[in-house]
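Printed here is run.cif (mmCIF, C-alpha atoms):
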data_target
loop_
_atom_site.group_PDB
_atom_site.id
_atom_site.type_symbol
_atom_site.label_atom_id
_atom_site.label_comp_id
_atom_site.auth_asym_id
_atom_site.auth_seq_id
_atom_site.Cartn_x
_atom_site.Cartn_y
_atom_site.Cartn_z
ATOM 1 C CA MET A 1211 15.534 8.767 267.710
ATOM 2 C CA SER A 1212 14.689 12.217 266.372
ATOM 3 C CA ASP A 1213 17.018 15.178 266.252
ATOM 4 C CA PRO A 1214 16.930 17.477 269.269
ATOM 5 C CA SER A 1215 14.491 20.350 268.799
ATOM 6 C CA ILE A 1216 15.635 23.958 269.054
ATOM 7 C CA LEU A 1217 13.474 27.084 269.220
ATOM 8 C CA VAL A 1218 15.235 30.267 268.109
ATOM 9 C CA VAL A 1219 13.484 33.332 269.543
ATOM 10 C CA GLU A 1220 14.911 36.322 267.693
ATOM 11 C CA ASP A 1221 13.133 39.402 266.347
ATOM 12 C CA GLU A 1222 15.755 40.240 263.699
ATOM 13 C CA PRO A 1223 14.821 38.050 260.695
ATOM 14 C CA ASP A 1224 18.379 38.008 259.307
ATOM 15 C CA ILE A 1225 19.863 36.880 262.615
ATOM 16 C CA ALA A 1226 17.111 34.292 263.127
ATOM 17 C CA ALA A 1227 17.772 32.907 259.638
ATOM 18 C CA LEU A 1228 21.520 32.855 260.306
ATOM 19 C CA TYR A 1229 21.092 30.903 263.543
ATOM 20 C CA ALA A 1230 18.615 28.516 261.909
ATOM 21 C CA GLY A 1231 21.098 27.975 259.073
ATOM 22 C CA PHE A 1232 23.827 27.159 261.591
ATOM 23 C CA LEU A 1233 21.618 24.571 263.272
ATOM 24 C CA GLU A 1234 19.378 22.926 260.642
ATOM 25 C CA GLU A 1235 21.899 20.272 259.649
ATOM 26 C CA ARG A 1236 22.024 18.834 263.166
ATOM 27 C CA TYR A 1237 18.721 19.803 264.789
ATOM 28 C CA THR A 1238 15.029 20.320 264.200
ATOM 29 C CA VAL A 1239 14.740 24.116 264.265
ATOM 30 C CA ASP A 1240 11.758 26.417 264.695
ATOM 31 C CA VAL A 1241 11.854 30.214 264.799
ATOM 32 C CA ALA A 1242 9.708 32.709 266.703
ATOM 33 C CA GLU A 1243 10.082 36.462 266.214
ATOM 34 C CA THR A 1244 7.921 37.693 269.103
ATOM 35 C CA ALA A 1245 7.337 36.828 272.746
ATOM 36 C CA THR A 1246 3.751 35.827 271.981
ATOM 37 C CA ASP A 1247 4.834 33.550 269.147
ATOM 38 C CA ALA A 1248 7.541 32.001 271.346
ATOM 39 C CA ILE A 1249 5.083 31.274 274.144
ATOM 40 C CA ASP A 1250 2.737 29.655 271.604
ATOM 41 C CA ARG A 1251 5.535 27.467 270.182
ATOM 42 C CA VAL A 1252 7.047 26.252 273.449
ATOM 43 C CA ASP A 1253 5.947 22.722 274.263
ATOM 44 C CA PRO A 1254 7.060 19.761 276.384
ATOM 45 C CA ASP A 1255 9.017 18.195 273.496
ATOM 46 C CA LEU A 1256 11.356 21.155 273.068
ATOM 47 C CA ASP A 1257 14.998 20.539 274.023
ATOM 48 C CA VAL A 1258 16.651 23.982 273.795
ATOM 49 C CA VAL A 1259 15.471 27.582 273.501
ATOM 50 C CA LEU A 1260 17.808 30.294 272.215
ATOM 51 C CA LEU A 1261 16.139 33.403 273.596
ATOM 52 C CA ASP A 1262 16.712 37.077 272.873
ATOM 53 C CA ARG A 1263 15.891 39.385 275.789
ATOM 54 C CA ARG A 1264 14.509 42.217 273.640
ATOM 55 C CA LEU A 1265 11.457 41.361 271.588
ATOM 56 C CA PRO A 1266 9.001 43.714 269.879
ATOM 57 C CA ASP A 1267 5.970 42.718 271.944
ATOM 58 C CA GLY A 1268 7.611 42.027 275.280
ATOM 59 C CA SER A 1269 10.659 40.703 276.989
ATOM 60 C CA GLY A 1270 12.479 37.447 276.516
ATOM 61 C CA ASP A 1271 12.529 37.422 280.310
ATOM 62 C CA ASP A 1272 8.737 36.945 280.196
ATOM 63 C CA VAL A 1273 9.114 34.014 277.806
ATOM 64 C CA LEU A 1274 11.696 32.484 280.132
ATOM 65 C CA GLU A 1275 9.352 32.941 283.091
ATOM 66 C CA HIS A 1276 6.554 31.219 281.127
ATOM 67 C CA ILE A 1277 8.840 28.272 280.309
ATOM 68 C CA ARG A 1278 9.863 27.810 283.938
ATOM 69 C CA GLU A 1279 6.355 28.318 285.374
ATOM 70 C CA ALA A 1280 4.985 25.724 282.937
ATOM 71 C CA GLU A 1281 7.802 23.427 284.129
ATOM 72 C CA TYR A 1282 8.960 22.575 280.622
ATOM 73 C CA ASP A 1283 12.098 20.488 280.830
ATOM 74 C CA CYS A 1284 14.162 22.371 278.266
ATOM 75 C CA ARG A 1285 17.432 24.213 278.564
ATOM 76 C CA VAL A 1286 17.443 27.958 277.814
ATOM 77 C CA ALA A 1287 20.299 30.102 276.561
ATOM 78 C CA MET A 1288 19.841 33.845 276.542
ATOM 79 C CA VAL A 1289 21.395 35.027 273.272
ATOM 80 C CA THR A 1290 21.266 38.770 273.463
ATOM 81 C CA ALA A 1291 22.966 42.117 273.004
ATOM 82 C CA VAL A 1292 21.910 43.095 276.535
ATOM 83 C CA GLU A 1293 25.037 43.287 278.679
ATOM 84 C CA PRO A 1294 24.562 41.099 281.738
ATOM 85 C CA ASP A 1295 23.959 42.718 285.098
ATOM 86 C CA PHE A 1296 23.236 41.300 288.545
ATOM 87 C CA ASP A 1297 19.556 40.882 287.576
ATOM 88 C CA ILE A 1298 20.533 37.693 285.725
ATOM 89 C CA ILE A 1299 21.204 35.889 289.011
ATOM 90 C CA ASP A 1300 17.503 35.331 289.668
ATOM 91 C CA MET A 1301 16.653 34.399 286.086
ATOM 92 C CA GLY A 1302 16.005 30.752 285.205
ATOM 93 C CA PHE A 1303 18.255 30.427 282.144
ATOM 94 C CA ASP A 1304 21.109 27.940 281.737
ATOM 95 C CA LEU A 1305 23.594 29.953 279.642
ATOM 96 C CA TYR A 1306 24.063 33.607 278.741
ATOM 97 C CA LEU A 1307 25.607 34.461 275.383
ATOM 98 C CA THR A 1308 26.284 38.053 274.369
ATOM 99 C CA LYS A 1309 25.872 38.883 270.684
ATOM 100 C CA PRO A 1310 27.441 38.585 268.236
ATOM 101 C CA VAL A 1311 27.570 34.793 268.477
ATOM 102 C CA SER A 1312 29.601 32.728 266.018
ATOM 103 C CA ARG A 1313 28.488 29.425 264.552
ATOM 104 C CA SER A 1314 31.050 27.498 266.615
ATOM 105 C CA LYS A 1315 30.036 29.243 269.847
ATOM 106 C CA LEU A 1316 26.344 28.616 269.179
ATOM 107 C CA LEU A 1317 26.917 24.927 268.412
ATOM 108 C CA ALA A 1318 29.133 24.528 271.492
ATOM 109 C CA ALA A 1319 26.457 26.167 273.652
ATOM 110 C CA ILE A 1320 23.787 23.791 272.366
ATOM 111 C CA ASP A 1321 26.082 20.818 272.908
ATOM 112 C CA THR A 1322 26.654 21.989 276.482
ATOM 113 C CA LEU A 1323 22.931 22.445 277.095
ATOM 114 C CA LEU A 1324 21.995 19.064 275.651
ATOM 115 C CA THR A 1325 24.656 17.386 277.785
ATOM 116 C CA ARG A 1326 23.347 19.153 280.885
ATOM 117 C CA SER A 1327 19.838 17.876 280.094
ATOM 118 C CA GLU A 1328 21.053 14.341 280.708
ATOM 119 C CA TYR A 1329 21.847 15.006 284.342
ATOM 120 C CA ASP A 1330 19.777 15.566 287.423
ATOM 121 C CA ASP A 1331 18.400 18.837 288.758
ATOM 122 C CA LEU A 1332 21.291 19.350 291.176
ATOM 123 C CA VAL A 1333 23.907 19.334 288.444
ATOM 124 C CA GLN A 1334 21.722 21.471 286.184
ATOM 125 C CA GLU A 1335 21.312 24.047 288.963
ATOM 126 C CA ALA A 1336 25.034 24.092 289.712
ATOM 127 C CA ALA A 1337 25.914 24.469 286.042
ATOM 128 C CA ALA A 1338 23.444 27.333 285.565
ATOM 129 C CA LEU A 1339 24.724 29.123 288.681
ATOM 130 C CA ALA A 1340 28.337 28.594 287.645
ATOM 131 C CA SER A 1341 27.510 30.014 284.197
ATOM 132 C CA LYS A 1342 26.037 33.116 285.812
ATOM 133 C CA ARG A 1343 29.091 33.476 288.033
ATOM 134 C CA ALA A 1344 31.387 33.166 285.014
ATOM 135 C CA VAL A 1345 29.432 35.753 283.004
ATOM 136 C CA LEU A 1346 29.380 38.228 285.865
ATOM 137 C CA SER A 1347 33.054 37.622 286.633
ATOM 138 C CA SER A 1348 33.938 38.497 283.059
ATOM 139 C CA GLN A 1349 31.679 41.585 282.945
ATOM 140 C CA LYS A 1350 31.816 43.102 286.426
ATOM 141 C CA PRO A 1351 34.863 44.299 288.376
ATOM 142 C CA ALA A 1352 35.684 42.381 291.562
ATOM 143 C CA ALA A 1353 34.716 45.339 293.753
ATOM 144 C CA GLN A 1354 31.196 45.411 292.287
ATOM 145 C CA ARG A 1355 30.794 41.639 292.648
ATOM 146 C CA GLU A 1356 32.039 41.661 296.233
ATOM 147 C CA GLY A 1357 29.621 44.444 297.157
ATOM 148 C CA ASN A 1358 26.561 42.788 295.651
ATOM 149 C CA GLU A 1359 24.360 40.741 297.990
ATOM 150 C CA ALA A 1360 22.763 38.666 295.219
ATOM 151 C CA TYR A 1361 26.213 37.734 293.871
ATOM 152 C CA ALA A 1362 27.360 36.746 297.372
ATOM 153 C CA GLU A 1363 24.277 34.501 297.697
ATOM 154 C CA LEU A 1364 25.024 32.928 294.304
ATOM 155 C CA VAL A 1365 28.593 32.120 295.377
ATOM 156 C CA GLU A 1366 27.350 30.767 298.707
ATOM 157 C CA ARG A 1367 24.810 28.506 296.964
ATOM 158 C CA LEU A 1368 27.547 27.176 294.678
ATOM 159 C CA GLU A 1369 29.687 26.417 297.716
ATOM 160 C CA ASP A 1370 26.730 24.633 299.362
ATOM 161 C CA LEU A 1371 26.334 22.482 296.269
ATOM 162 C CA GLY A 1372 30.062 21.666 296.265
ATOM 163 C CA ALA A 1373 30.000 18.490 298.333
ATOM 164 C CA ASP A 1374 27.032 17.069 296.429
ATOM 165 C CA ILE A 1375 28.687 17.908 293.105
ATOM 166 C CA ASP A 1376 31.921 16.242 294.224
ATOM 167 C CA ASP A 1377 29.994 13.043 294.915
ATOM 168 C CA LEU A 1378 28.237 13.258 291.572
ATOM 169 C CA GLY A 1379 31.473 14.165 289.789
ATOM 170 C CA GLU A 1380 32.952 10.811 290.672
ATOM 171 C CA SER A 1381 30.291 9.170 288.482
ATOM 172 C CA LEU A 1382 30.893 11.360 285.399
ATOM 173 C CA SER A 1383 33.384 10.663 282.648
ATOM 174 C CA THR A 1384 35.956 13.361 281.864
ATOM 175 C CA ASP A 1385 34.252 14.094 278.535
ATOM 176 C CA ASP A 1386 30.847 14.481 280.211
ATOM 177 C CA TYR A 1387 32.276 16.837 282.803
ATOM 178 C CA ARG A 1388 34.073 18.967 280.199
ATOM 179 C CA ALA A 1389 30.968 19.248 278.015
ATOM 180 C CA MET A 1390 28.777 20.257 280.944
ATOM 181 C CA PHE A 1391 31.074 23.004 282.147
ATOM 182 C CA ARG A 1392 32.797 24.035 278.912
ATOM 183 C CA ASP A 1393 31.465 27.572 279.147
ATOM 184 C CA LEU A 1394 32.943 28.189 282.565
ATOM 185 C CA GLY A 1395 36.192 29.911 283.305
ATOM 186 C CA GLU A 1396 38.031 30.203 286.562
ATOM 187 C CA ALA A 1397 36.001 32.542 288.738
#

Can the structure from this file be put into structure tokens for me?
Amino acid sequence: MSDPSILVVEDEPDIAALYAGFLEERYTVDVAETATDAIDRVDPDLDVVLLDRRLPDGSGDDVLEHIREAEYDCRVAMVTAVEPDFDIIDMGFDLYLTKPVSRSKLLAAIDTLLTRSEYDDLVQEAAALASKRAVLSSQKPAAQREGNEAYAELVERLEDLGADIDDLGESLSTDDYRAMFRDLGEA
């Protein structure tokens, strides 16, 4: 079995090299410094994409859209200095990490994403939505969250998934469950 493959999409060469250095011992790592290069390097065998939102020739959001439209079965973490806003609710990423990101946080994020890849679409959707809720809960005051329609829809969708997740949760080990939702805090 080969090592999981990671694509680091980062336009700052020093940061890209740092992330690659963090990961090369455990994973097969490739680096792209532009949106165009990232789109060219994404393929069906890729396991995880670490994606910056600001790239010199476009947006990481466009790369993410390409990945999802092509229906590649990889997990995507936005790793960016862009502070999250309610626009992230409709984006198809799995995790949102705000720079700077430490080695331990990056490795934990990849571990979480690879664990999530083992489960079905329902659990992946719930985990991604819960990650968005956790990020927004940590960045936005309660009054702003409560007054935002998209946030209310996100919370409602999570509640709708609740019963199905409870059924699925009975089949997961404690370690699996912790790894999948490690990035989540109480919302």

Reference answer for the PyMOL selection byres ((chain A and resi 1218) around 12), as an NGL selection string | :A and (1215-1217 or 1219-1223 or 1225-1234 or 1237-1245 or 1247-1249 or 1251-1252 or 1256-1263 or 1270 or 1286-1290 or 1316 or 1320)

Identify the residues within 10 Å of coordinate (20.6, 20.4, 293.1) (same frame as the file), considering only C-alpha atoms, and give the answer as an mmCIF file with C-alpha atoms, keeping the file's coordinate frame.
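See selection_31.cif below for the written result:
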data_model
loop_
_atom_site.group_PDB
_atom_site.id
_atom_site.type_symbol
_atom_site.label_atom_id
_atom_site.label_comp_id
_atom_site.auth_asym_id
_atom_site.auth_seq_id
_atom_site.Cartn_x
_atom_site.Cartn_y
_atom_site.Cartn_z
ATOM 1 C CA ASP A 1330 19.777 15.566 287.423
ATOM 2 C CA ASP A 1331 18.400 18.837 288.758
ATOM 3 C CA LEU A 1332 21.291 19.350 291.176
ATOM 4 C CA VAL A 1333 23.907 19.334 288.444
ATOM 5 C CA GLN A 1334 21.722 21.471 286.184
ATOM 6 C CA GLU A 1335 21.312 24.047 288.963
ATOM 7 C CA ALA A 1336 25.034 24.092 289.712
ATOM 8 C CA ALA A 1337 25.914 24.469 286.042
ATOM 9 C CA ARG A 1367 24.810 28.506 296.964
ATOM 10 C CA LEU A 1368 27.547 27.176 294.678
ATOM 11 C CA ASP A 1370 26.730 24.633 299.362
ATOM 12 C CA LEU A 1371 26.334 22.482 296.269
ATOM 13 C CA ASP A 1374 27.032 17.069 296.429
ATOM 14 C CA ILE A 1375 28.687 17.908 293.105
#

Expressed in Å to a single decimal, how great is the separation between atom CA of Leu1324 of chain A and atom CA of Asp1213 of chain A?
->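 Taking atom CA of Leu1324 of chain A and atom CA of Asp1213 of chain A, their separation equals 11.3 Å.
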
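Considering the residues A:Ala1340, A:Thr1308, A:Asp1255, A:Leu1323 and counting all atoms listed in the file, Asp1295 of chain A has its shortest atom-to-atom contact with A:Thr1308.
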
To one decimal place, how far is atom CA of Val1365 of chain A from atom CA of Arg1343 of chain A in Å?
->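 Answer for the atom CA of Val1365 of chain A to atom CA of Arg1343 of chain A separation: 7.5 Å.
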
Determine the residue membership of the PyMOL selection byres ((chain A and resi 1275-1278) around 10) for the file above and supply it as JSON, numbers by chain.
-> {"A": [1248, 1249, 1252, 1253, 1254, 1259, 1269, 1270, 1271, 1272, 1273, 1274, 1279, 1280, 1281, 1282, 1283, 1284, 1285, 1286, 1301, 1302, 1303]}
